[in-house]
file my_file-v1.pdb (PDB, C-alpha atoms)
MODEL        1
ATOM      1  CA  MET A   1     -19.430  89.838 -34.974
ATOM      2  CA  GLU A   2     -18.805  90.510 -31.289
ATOM      3  CA  SER A   3     -19.526  87.832 -28.732
ATOM      4  CA  PRO A   4     -22.195  88.773 -26.191
ATOM      5  CA  SER A   5     -19.741  87.874 -23.445
ATOM      6  CA  THR A   6     -17.386  90.658 -24.527
ATOM      7  CA  GLN A   7     -19.859  93.441 -25.321
ATOM      8  CA  ASN A   8     -19.259  96.741 -23.498
ATOM      9  CA  THR A   9     -16.425  95.273 -21.426
ATOM     10  CA  ASP A  10     -13.659  94.420 -23.873
ATOM     11  CA  THR A  11     -11.747  97.227 -25.614
ATOM     12  CA  THR A  12      -9.417  94.954 -27.584
ATOM     13  CA  ASP A  13      -9.086  95.902 -31.257
ATOM     14  CA  TYR A  14     -10.065  92.632 -32.899
ATOM     15  CA  SER A  15      -9.734  94.013 -36.430
ATOM     16  CA  LYS A  16      -6.024  93.200 -36.401
ATOM     17  CA  TYR A  17      -6.953  89.536 -35.881
ATOM     18  CA  SER A  18      -9.103  89.417 -39.004
ATOM     19  CA  LEU A  19      -8.572  86.368 -41.189
ATOM     20  CA  SER A  20      -8.353  88.741 -44.140
ATOM     21  CA  ASN A  21      -4.845  89.575 -42.918
ATOM     22  CA  PHE A  22      -3.670  86.018 -43.606
ATOM     23  CA  PRO A  23      -2.860  85.055 -47.228
ATOM     24  CA  VAL A  24      -4.512  81.649 -47.267
ATOM     25  CA  THR A  25      -4.966  80.318 -50.793
ATOM     26  CA  ALA A  26      -6.865  77.382 -52.289
ATOM     27  CA  GLY A  27      -5.011  74.120 -51.818
ATOM     28  CA  ASP A  28      -3.137  75.248 -48.704
ATOM     29  CA  LYS A  29      -2.788  72.637 -45.994
ATOM     30  CA  ILE A  30      -4.266  73.602 -42.613
ATOM     31  CA  ALA A  31      -3.662  71.604 -39.428
ATOM     32  CA  VAL A  32      -6.403  72.031 -36.841
ATOM     33  CA  TRP A  33      -5.043  70.827 -33.524
ATOM     34  CA  PHE A  34      -8.003  69.184 -31.852
ATOM     35  CA  SER A  35      -7.603  68.771 -28.079
ATOM     36  CA  CYS A  36     -11.012  67.139 -27.387
ATOM     37  CA  GLY A  37     -12.283  70.420 -25.977
ATOM     38  CA  ALA A  38     -15.297  72.454 -27.032
ATOM     39  CA  ALA A  39     -13.248  75.361 -28.397
ATOM     40  CA  SER A  40     -11.033  73.237 -30.622
ATOM     41  CA  ALA A  41     -14.107  71.384 -31.913
ATOM     42  CA  VAL A  42     -15.729  74.649 -32.972
ATOM     43  CA  ALA A  43     -12.402  75.873 -34.356
ATOM     44  CA  LEU A  44     -12.426  72.811 -36.616
ATOM     45  CA  GLN A  45     -16.012  73.529 -37.675
ATOM     46  CA  GLN A  46     -15.207  77.161 -38.472
ATOM     47  CA  THR A  47     -12.072  76.229 -40.412
ATOM     48  CA  LEU A  48     -14.003  73.818 -42.607
ATOM     49  CA  LEU A  49     -16.641  76.494 -43.253
ATOM     50  CA  LYS A  50     -14.192  79.303 -43.983
ATOM     51  CA  TYR A  51     -11.690  77.335 -46.067
ATOM     52  CA  PRO A  52     -13.625  74.778 -48.173
ATOM     53  CA  ASP A  53     -10.928  74.851 -50.862
ATOM     54  CA  CYS A  54      -8.073  74.001 -48.491
ATOM     55  CA  GLU A  55      -6.763  70.638 -47.311
ATOM     56  CA  VAL A  56      -7.848  70.583 -43.675
ATOM     57  CA  HIS A  57      -6.437  68.038 -41.240
ATOM     58  CA  ALA A  58      -7.911  67.529 -37.767
ATOM     59  CA  VAL A  59      -5.140  66.189 -35.555
ATOM     60  CA  ASN A  60      -5.361  64.957 -31.977
ATOM     61  CA  ASN A  61      -2.625  63.835 -29.596
ATOM     62  CA  PRO A  62      -4.252  61.202 -27.355
ATOM     63  CA  VAL A  63      -2.924  60.924 -23.816
ATOM     64  CA  ILE A  64      -4.071  57.918 -21.822
ATOM     65  CA  GLU A  65      -4.324  59.980 -18.634
ATOM     66  CA  GLU A  66      -7.240  61.894 -20.152
ATOM     67  CA  ASP A  67     -10.745  60.747 -19.319
ATOM     68  CA  ALA A  68     -11.625  57.946 -21.728
ATOM     69  CA  ASP A  69     -14.711  59.912 -22.799
ATOM     70  CA  ASN A  70     -12.475  62.372 -24.642
ATOM     71  CA  GLN A  71     -11.979  59.957 -27.505
ATOM     72  CA  ARG A  72     -15.735  59.314 -27.665
ATOM     73  CA  PHE A  73     -16.164  63.062 -28.104
ATOM     74  CA  ALA A  74     -13.477  63.117 -30.801
ATOM     75  CA  ASP A  75     -15.323  60.412 -32.737
ATOM     76  CA  ASP A  76     -18.619  62.306 -32.348
ATOM     77  CA  VAL A  77     -17.030  65.510 -33.657
ATOM     78  CA  GLY A  78     -15.585  63.626 -36.614
ATOM     79  CA  ARG A  79     -19.031  62.279 -37.518
ATOM     80  CA  TRP A  80     -20.632  65.689 -36.982
ATOM     81  CA  LEU A  81     -18.255  67.405 -39.390
ATOM     82  CA  GLY A  82     -17.650  64.502 -41.757
ATOM     83  CA  VAL A  83     -13.913  64.300 -41.178
ATOM     84  CA  ASP A  84     -11.450  61.791 -39.808
ATOM     85  CA  ILE A  85      -9.695  62.813 -36.596
ATOM     86  CA  GLU A  86      -6.057  61.865 -37.052
ATOM     87  CA  ARG A  87      -4.084  60.677 -34.031
ATOM     88  CA  ALA A  88      -0.471  61.764 -33.758
ATOM     89  CA  PHE A  89       2.053  60.383 -31.276
ATOM     90  CA  ASN A  90       5.670  60.921 -30.308
ATOM     91  CA  PRO A  91       7.396  57.702 -31.507
ATOM     92  CA  LYS A  92       9.409  57.693 -28.271
ATOM     93  CA  TYR A  93       6.163  57.365 -26.300
ATOM     94  CA  PRO A  94       3.797  55.436 -28.590
ATOM     95  CA  ALA A  95       1.401  54.674 -25.722
ATOM     96  CA  GLY A  96       0.878  58.393 -25.100
ATOM     97  CA  SER A  97       1.441  57.990 -21.358
ATOM     98  CA  ALA A  98       2.171  61.034 -19.206
ATOM     99  CA  VAL A  99       3.051  58.761 -16.288
ATOM    100  CA  GLU A 100       5.725  57.144 -18.450
ATOM    101  CA  VAL A 101       7.184  60.576 -19.217
ATOM    102  CA  TRP A 102       7.178  61.636 -15.553
ATOM    103  CA  THR A 103       8.848  58.361 -14.602
ATOM    104  CA  ASP A 104      11.570  58.785 -17.230
ATOM    105  CA  ARG A 105      12.225  62.427 -16.395
ATOM    106  CA  ARG A 106      11.748  62.159 -12.622
ATOM    107  CA  TYR A 107       9.871  65.427 -12.983
ATOM    108  CA  MET A 108       6.166  66.236 -13.161
ATOM    109  CA  ALA A 109       5.816  70.019 -13.444
ATOM    110  CA  GLY A 110       7.436  73.294 -12.455
ATOM    111  CA  ILE A 111       8.095  76.845 -13.578
ATOM    112  CA  HIS A 112       9.153  75.595 -17.012
ATOM    113  CA  GLY A 113       5.945  73.652 -17.550
ATOM    114  CA  ALA A 114       5.487  69.898 -17.665
ATOM    115  CA  PRO A 115       7.552  67.305 -19.566
ATOM    116  CA  CYS A 116       4.381  65.509 -20.674
ATOM    117  CA  THR A 117       3.452  68.612 -22.660
ATOM    118  CA  ALA A 118       6.848  68.672 -24.321
ATOM    119  CA  GLU A 119       6.876  64.984 -25.204
ATOM    120  CA  LEU A 120       3.242  64.081 -25.832
ATOM    121  CA  LYS A 121       2.042  67.357 -27.346
ATOM    122  CA  LYS A 122       4.885  69.429 -28.788
ATOM    123  CA  GLU A 123       7.144  66.589 -29.918
ATOM    124  CA  ALA A 124       4.202  64.613 -31.288
ATOM    125  CA  ARG A 125       3.122  67.736 -33.160
ATOM    126  CA  ARG A 126       6.637  68.285 -34.521
ATOM    127  CA  HIS A 127       6.816  64.692 -35.730
ATOM    128  CA  TRP A 128       3.455  65.058 -37.536
ATOM    129  CA  GLU A 129       4.484  68.395 -39.046
ATOM    130  CA  THR A 130       7.747  66.995 -40.367
ATOM    131  CA  LYS A 131       5.797  64.444 -42.366
ATOM    132  CA  HIS A 132       2.819  66.562 -43.479
ATOM    133  CA  LYS A 133       4.283  70.091 -43.702
ATOM    134  CA  PRO A 134       1.157  72.208 -43.094
ATOM    135  CA  ASP A 135       1.023  75.802 -44.298
ATOM    136  CA  TRP A 136      -1.219  76.998 -41.486
ATOM    137  CA  HIS A 137      -2.304  76.002 -38.014
ATOM    138  CA  VAL A 138      -5.547  76.482 -36.096
ATOM    139  CA  LEU A 139      -5.910  76.270 -32.318
ATOM    140  CA  GLY A 140      -8.850  76.891 -30.040
ATOM    141  CA  PHE A 141      -8.017  80.481 -29.083
ATOM    142  CA  THR A 142     -11.377  82.113 -28.343
ATOM    143  CA  VAL A 143     -12.212  85.815 -28.463
ATOM    144  CA  ASP A 144     -11.666  86.031 -24.712
ATOM    145  CA  GLU A 145      -8.117  84.762 -25.255
ATOM    146  CA  ALA A 146      -6.973  87.397 -27.752
ATOM    147  CA  LYS A 147      -4.079  88.421 -25.514
ATOM    148  CA  ARG A 148      -2.953  84.837 -25.160
ATOM    149  CA  TYR A 149      -3.166  84.411 -28.926
ATOM    150  CA  LYS A 150      -1.078  87.544 -29.447
ATOM    151  CA  ARG A 151       1.545  86.271 -27.016
ATOM    152  CA  PHE A 152       1.568  82.918 -28.751
ATOM    153  CA  ILE A 153       2.098  84.218 -32.280
ATOM    154  CA  THR A 154       4.819  86.509 -30.946
ATOM    155  CA  THR A 155       6.757  83.821 -29.092
ATOM    156  CA  GLU A 156       5.922  80.586 -30.931
ATOM    157  CA  ARG A 157       4.839  81.009 -34.566
ATOM    158  CA  ASP A 158       2.922  83.484 -36.666
ATOM    159  CA  ASN A 159       1.090  81.178 -39.103
ATOM    160  CA  VAL A 160      -1.781  80.461 -36.705
ATOM    161  CA  LEU A 161      -5.211  81.414 -38.040
ATOM    162  CA  PRO A 162      -7.433  83.097 -35.400
ATOM    163  CA  VAL A 163     -10.658  81.549 -36.648
ATOM    164  CA  LEU A 164     -12.571  81.812 -33.356
ATOM    165  CA  ILE A 165     -11.351  85.331 -32.626
ATOM    166  CA  ASP A 166     -12.273  86.446 -36.136
ATOM    167  CA  ALA A 167     -15.766  85.008 -35.598
ATOM    168  CA  GLY A 168     -16.079  86.677 -32.184
ATOM    169  CA  LEU A 169     -16.707  83.349 -30.447
ATOM    170  CA  SER A 170     -16.103  82.958 -26.710
ATOM    171  CA  LYS A 171     -15.697  79.728 -24.775
ATOM    172  CA  GLU A 172     -19.329  79.964 -23.704
ATOM    173  CA  ASP A 173     -20.352  80.383 -27.348
ATOM    174  CA  CYS A 174     -18.415  77.222 -28.226
ATOM    175  CA  PHE A 175     -20.197  75.254 -25.509
ATOM    176  CA  GLN A 176     -23.520  76.440 -26.910
ATOM    177  CA  ILE A 177     -22.627  75.540 -30.501
ATOM    178  CA  ILE A 178     -21.640  72.025 -29.438
ATOM    179  CA  THR A 179     -24.839  71.634 -27.421
ATOM    180  CA  ASP A 180     -27.010  72.990 -30.242
ATOM    181  CA  ALA A 181     -25.412  70.449 -32.583
ATOM    182  CA  GLY A 182     -26.723  67.685 -30.331
ATOM    183  CA  LEU A 183     -23.269  66.613 -29.162
ATOM    184  CA  GLN A 184     -22.509  65.629 -25.608
ATOM    185  CA  LEU A 185     -19.502  67.433 -24.158
ATOM    186  CA  PRO A 186     -16.697  65.321 -22.662
ATOM    187  CA  HIS A 187     -17.420  63.830 -19.258
ATOM    188  CA  MET A 188     -15.050  66.144 -17.363
ATOM    189  CA  TYR A 189     -17.086  69.214 -18.265
ATOM    190  CA  HIS A 190     -20.161  67.624 -16.709
ATOM    191  CA  LEU A 191     -18.222  67.040 -13.490
ATOM    192  CA  GLY A 192     -17.516  70.775 -13.244
ATOM    193  CA  PHE A 193     -13.961  70.843 -14.574
ATOM    194  CA  PRO A 194     -13.208  73.863 -16.804
ATOM    195  CA  ASN A 195     -11.661  71.789 -19.580
ATOM    196  CA  SER A 196     -11.093  68.212 -20.719
ATOM    197  CA  ASN A 197      -7.404  67.905 -19.947
ATOM    198  CA  CYS A 198      -5.703  64.928 -18.400
ATOM    199  CA  VAL A 199      -7.197  63.902 -15.082
ATOM    200  CA  GLY A 200      -4.868  65.073 -12.328
ATOM    201  CA  CYS A 201      -2.866  67.550 -14.421
ATOM    202  CA  PRO A 202       0.392  68.327 -12.556
ATOM    203  CA  LYS A 203       0.431  71.889 -13.886
ATOM    204  CA  ALA A 204      -2.603  72.681 -11.747
ATOM    205  CA  THR A 205      -1.780  74.142  -8.353
ATOM    206  CA  SER A 206      -5.303  75.015  -7.160
ATOM    207  CA  ALA A 207      -6.551  73.303  -4.018
ATOM    208  CA  THR A 208     -10.052  73.501  -5.526
ATOM    209  CA  TYR A 209      -8.928  71.517  -8.554
ATOM    210  CA  TRP A 210      -7.131  68.836  -6.585
ATOM    211  CA  SER A 211     -10.018  68.460  -4.143
ATOM    212  CA  ALA A 212     -12.305  67.910  -7.144
ATOM    213  CA  VAL A 213      -9.927  65.297  -8.561
ATOM    214  CA  LYS A 214      -9.879  63.548  -5.186
ATOM    215  CA  LYS A 215     -13.686  63.491  -5.123
ATOM    216  CA  GLU A 216     -14.363  62.462  -8.719
ATOM    217  CA  TYR A 217     -11.251  60.384  -9.474
ATOM    218  CA  PRO A 218      -9.957  59.100  -6.108
ATOM    219  CA  ASP A 219      -7.715  56.436  -7.651
ATOM    220  CA  VAL A 220      -6.048  59.048  -9.861
ATOM    221  CA  PHE A 221      -5.564  61.376  -6.903
ATOM    222  CA  GLU A 222      -3.879  58.639  -4.885
ATOM    223  CA  ALA A 223      -1.634  57.743  -7.816
ATOM    224  CA  ARG A 224      -0.596  61.380  -8.345
ATOM    225  CA  ALA A 225      -0.012  61.804  -4.611
ATOM    226  CA  ALA A 226       2.228  58.730  -4.502
ATOM    227  CA  MET A 227       4.235  59.693  -7.576
ATOM    228  CA  SER A 228       4.662  63.301  -6.483
ATOM    229  CA  ARG A 229       5.981  62.079  -3.117
ATOM    230  CA  GLU A 230       8.387  59.716  -4.825
ATOM    231  CA  ILE A 231       9.682  62.437  -7.142
ATOM    232  CA  GLY A 232       9.527  65.208  -4.549
ATOM    233  CA  ALA A 233       7.035  67.409  -6.388
ATOM    234  CA  ARG A 234       4.851  69.686  -4.279
ATOM    235  CA  LEU A 235       2.059  70.126  -6.771
ATOM    236  CA  VAL A 236      -0.632  71.985  -4.841
ATOM    237  CA  ARG A 237      -0.723  75.436  -3.285
ATOM    238  CA  TYR A 238      -2.927  75.992  -0.245
ATOM    239  CA  LYS A 239      -3.086  79.212   1.757
ATOM    240  CA  GLY A 240       0.076  80.426   0.038
ATOM    241  CA  GLU A 241       2.109  77.298   0.759
ATOM    242  CA  ARG A 242       3.243  74.645  -1.700
ATOM    243  CA  MET A 243       2.638  71.153  -0.364
ATOM    244  CA  PHE A 244       2.385  67.507  -1.326
ATOM    245  CA  LEU A 245      -1.031  66.266  -2.412
ATOM    246  CA  ASP A 246      -1.314  63.946   0.579
ATOM    247  CA  GLU A 247      -0.930  66.990   2.846
ATOM    248  CA  LEU A 248      -3.939  68.768   1.372
ATOM    249  CA  PRO A 249      -6.733  69.041   3.964
ATOM    250  CA  GLU A 250      -9.956  67.241   3.138
ATOM    251  CA  GLY A 251     -12.275  69.487   1.109
ATOM    252  CA  ALA A 252      -9.690  72.277   0.823
ATOM    253  CA  LYS A 253     -10.699  75.128  -1.480
ATOM    254  CA  GLY A 254      -8.761  77.778  -3.346
ATOM    255  CA  ARG A 255      -9.792  79.921  -6.289
ATOM    256  CA  PRO A 256     -12.891  78.754  -8.169
ATOM    257  CA  MET A 257     -12.174  76.248 -10.913
ATOM    258  CA  LYS A 258     -14.010  78.318 -13.522
ATOM    259  CA  SER A 259     -11.224  80.906 -13.288
ATOM    260  CA  MET A 260      -8.476  78.319 -13.623
ATOM    261  CA  GLN A 261      -6.602  78.361 -16.893
ATOM    262  CA  ILE A 262      -4.667  75.133 -17.322
ATOM    263  CA  GLU A 263      -5.958  73.976 -20.684
ATOM    264  CA  CYS A 264      -3.301  71.821 -22.261
ATOM    265  CA  GLY A 265      -3.676  72.672 -25.899
ATOM    266  CA  ILE A 266      -1.454  71.235 -28.553
ATOM    267  CA  PHE A 267       0.965  74.152 -28.251
ATOM    268  CA  CYS A 268       0.623  74.506 -24.477
ATOM    269  CA  GLU A 269       3.312  77.171 -24.060
ATOM    270  CA  GLU A 270       2.141  78.178 -20.622
ATOM    271  CA  ILE A 271      -0.203  77.225 -17.833
ATOM    272  CA  GLU A 272      -3.201  78.704 -19.559
TER
ENDMDL
END
call {"tool": "encode", "arguments": {"input": "my_file-v1.pdb", "output": "C-alpha cells"}}
result
Amino acid sequence: MESPSTQNTDTTDYSKYSLSNFPVTAGDKIAVWFSCGAASAVALQQTLLKYPDCEVHAVNNPVIEEDADNQRFADDVGRWLGVDIERAFNPKYPAGSAVEVWTDRRYMAGIHGAPCTAELKKEARRHWETKHKPDWHVLGFTVDEAKRYKRFITTERDNVLPVLIDAGLSKEDCFQIITDAGLQLPHMYHLGFPNSNCVGCPKATSATYWSAVKKEYPDVFEARAAMSREIGARLVRYKGERMFLDELPEGAKGRPMKSMQIECGIFCEEIE
C-alpha cells in the first residue's frame, strides 16, 4: 500500500522496509515507544494488529513540561486499543522534569542535542529495557520518514520494526486514523503545533515556533527566556542570528511550523 501523500513524488524503494524481512516469532516481546503523538498511537495499533501472538508493551516516558493533555490522550489510546500504557522514568529524575535536568546540567540544548532527551527519554528507556529485555522495538517512523528510519537503524539499532512504513502510512494518514476512531488529538495539535512535544522545547530554533509558544503559553515562554538567560543559551534563530528568547521581536516569523521537525521521540537521536 502506498500512501496518497507519496504517490508519484516519492521514488524510495519501500520493499526493503517490508516487515517480512524481520524474523519476528510468536511470543517475542515488542516495545512500542508511545510518545503521545498521532504516529506512535497508530504504530501501536498496527503492531497489535500485525503481531497478535507477540507480547506487546506500550511504553511512555512522561515529561511534566509536556501539555497536560498528552496524558489524557495516552489514556484514550489505551482504552481504544485495550492496552495499558506503561510509564517509564529515569530513577535519577523520578518527577520527569526537563527543567530539573537543565538546572543540573546548566545546559538546555546545542549541537549535541538536549540533556532532557538523554535523561528523560534515552536513559528512562534503557532502564526499562534492562528490566524487560524486549526483542523488538517500534517507533512512529511514518512512510515520509523512511530516510530518517534508515539513518536510525544504521546509527542506533537494527531491531526496529517499520510498521508504519510497511503499511505506507504518512503522518497525515495517522491523523486521519485517530480522528476516524473518534479520538481527540492532544491539545497542542489543535493550537497549530506540528507535534505534541514538551511546551517550549529548547531544541527548536524557529522564530515561528517560539512566537507561537509566547502566544499560547506565555508563562512557559517567560520561564524559558529567564532560564536561557541564566544559563547563557541563545535558543532562537531570527534572520540568521542566534539570540536570547527575550530579544525576539514581537510576532517574529521564520519558517512555517508545519515544516519544522523537532519531534522528540523516545529515541530522539536528532532534531527531527
call {"tool": "resolve_selection", "arguments": {"input": "my_file-v1.pdb", "expression": "the PyMOL selection byres ((chain A and resi 16-27) around 10)", "output": "PyMOL selection string"}}
result
chain A and resi 12-15+28-30+50-56+135-136+143+146+149-150+158-167
call {"tool": "closest_residue", "arguments": {"input": "my_file-v1.pdb", "among": "A:Thr103, A:Thr179, A:Asn70, A:Thr130", "to": "Ala88 in chain A", "atoms": "only C-alpha atoms"}}
result
A:Thr130
call {"tool": "atom_distance", "arguments": {"input": "my_file-v1.pdb", "atom1": "CA of Glu65 in chain A", "atom2": "CA of Met257 in chain A"}}
result
19.6 Å
call {"tool": "closest_residue", "arguments": {"input": "my_file-v1.pdb", "among": "A:Ile178, A:Pro218, A:Arg157, A:Ser206", "to": "Ala252 in chain A", "atoms": "all atoms listed in the file"}}
result
A:Ser206
call {"tool": "residues_around", "arguments": {"input": "my_file-v1.pdb", "residues": "range 105-115 of chain A", "least_positions_apart": "4", "cutoff": "10 Å", "atoms": "only C-alpha atoms", "output": "list in words"}}
result
Ala98, Val99, Glu100, Val101, Glu119, Leu120, Lys121, Lys122, Cys201, Pro202, Lys203, Ala204, Arg224, Met227, Ser228, Glu230, Ile231, Gly232, Ala233, Arg234, Leu235, Cys268, Glu269, Glu270 and Ile271 of chain A
call {"tool": "atom_distance", "arguments": {"input": "my_file-v1.pdb", "atom1": "CA of Pro256 in chain A", "atom2": "CA of Arg242 in chain A"}}
result
17.9 Å
call {"tool": "resolve_selection", "arguments": {"input": "my_file-v1.pdb", "expression": "the PyMOL selection byres ((chain A and resi 40) around 12)", "output": "PyMOL selection string"}}
result
chain A and resi 31-39+41-47+58-60+73-74+77+137-142+162-164+169-171+174-175+177-178+195-196+263-266
call {"tool": "closest_residue", "arguments": {"input": "my_file-v1.pdb", "among": "A:Glu250, A:Val199, A:Ala223, A:Pro194", "to": "Glu172 in chain A", "atoms": "all atoms listed in the file"}}
result
A:Pro194
call {"tool": "atom_distance", "arguments": {"input": "my_file-v1.pdb", "atom1": "CA of Asp173 in chain A", "atom2": "CA of Gly78 in chain A"}}
result
19.7 Å
call {"tool": "decode", "arguments": {"input": "my_file-v1.pdb", "residues": "range 230-251 of chain A", "atoms": "N, CA and C atoms", "output": "tab-separated table (two decimals), in the first residue's frame"}}
result
chain	number	residue	atom	x	y	z
A	230	GLU	N	19.83	32.87	32.17
A	230	GLU	CA	20.65	32.47	33.31
A	230	GLU	C	21.77	31.52	32.88
A	231	ILE	N	21.42	30.59	31.99
A	231	ILE	CA	22.41	29.59	31.54
A	231	ILE	C	23.29	30.13	30.43
A	232	GLY	N	22.78	31.10	29.69
A	232	GLY	CA	23.53	31.65	28.56
A	232	GLY	C	23.25	30.93	27.26
A	233	ALA	N	22.01	30.44	27.11
A	233	ALA	CA	21.64	29.68	25.91
A	233	ALA	C	20.84	30.55	24.97
A	234	ARG	N	21.37	30.80	23.79
A	234	ARG	CA	20.64	31.53	22.76
A	234	ARG	C	19.86	30.50	21.94
A	235	LEU	N	18.60	30.36	22.27
A	235	LEU	CA	17.81	29.26	21.74
A	235	LEU	C	17.18	29.51	20.38
A	236	VAL	N	16.94	30.77	20.02
A	236	VAL	CA	16.17	31.05	18.82
A	236	VAL	C	17.05	31.68	17.74
A	237	ARG	N	16.73	31.38	16.50
A	237	ARG	CA	17.43	31.96	15.37
A	237	ARG	C	16.45	32.86	14.60
A	238	TYR	N	16.85	34.11	14.39
A	238	TYR	CA	15.99	35.04	13.67
A	238	TYR	C	16.82	35.84	12.69
A	239	LYS	N	16.44	35.77	11.43
A	239	LYS	CA	17.17	36.43	10.35
A	239	LYS	C	18.65	36.07	10.36
A	240	GLY	N	18.91	34.77	10.59
A	240	GLY	CA	20.27	34.25	10.54
A	240	GLY	C	21.09	34.45	11.79
A	241	GLU	N	20.51	35.04	12.82
A	241	GLU	CA	21.26	35.34	14.04
A	241	GLU	C	20.68	34.58	15.23
A	242	ARG	N	21.55	33.94	16.01
A	242	ARG	CA	21.11	33.31	17.24
A	242	ARG	C	20.96	34.37	18.32
A	243	MET	N	19.86	34.29	19.07
A	243	MET	CA	19.61	35.30	20.09
A	243	MET	C	18.88	34.68	21.27
A	244	PHE	N	18.84	35.45	22.36
A	244	PHE	CA	18.06	35.03	23.52
A	244	PHE	C	16.57	35.22	23.22
A	245	LEU	N	15.74	34.42	23.91
A	245	LEU	CA	14.31	34.50	23.66
A	245	LEU	C	13.74	35.88	23.95
A	246	ASP	N	14.27	36.55	24.98
A	246	ASP	CA	13.72	37.87	25.30
A	246	ASP	C	14.16	38.95	24.32
A	247	GLU	N	15.00	38.58	23.35
A	247	GLU	CA	15.39	39.51	22.29
A	247	GLU	C	14.56	39.33	21.03
A	248	LEU	N	13.73	38.31	21.01
A	248	LEU	CA	12.94	38.01	19.81
A	248	LEU	C	11.86	39.08	19.63
A	249	PRO	N	11.81	39.73	18.47
A	249	PRO	CA	10.79	40.75	18.24
A	249	PRO	C	9.38	40.17	18.34
A	250	GLU	N	8.46	40.98	18.79
A	250	GLU	CA	7.07	40.55	18.93
A	250	GLU	C	6.53	40.10	17.57
A	251	GLY	N	5.93	38.89	17.55
A	251	GLY	CA	5.34	38.37	16.33
A	251	GLY	C	6.33	37.93	15.27
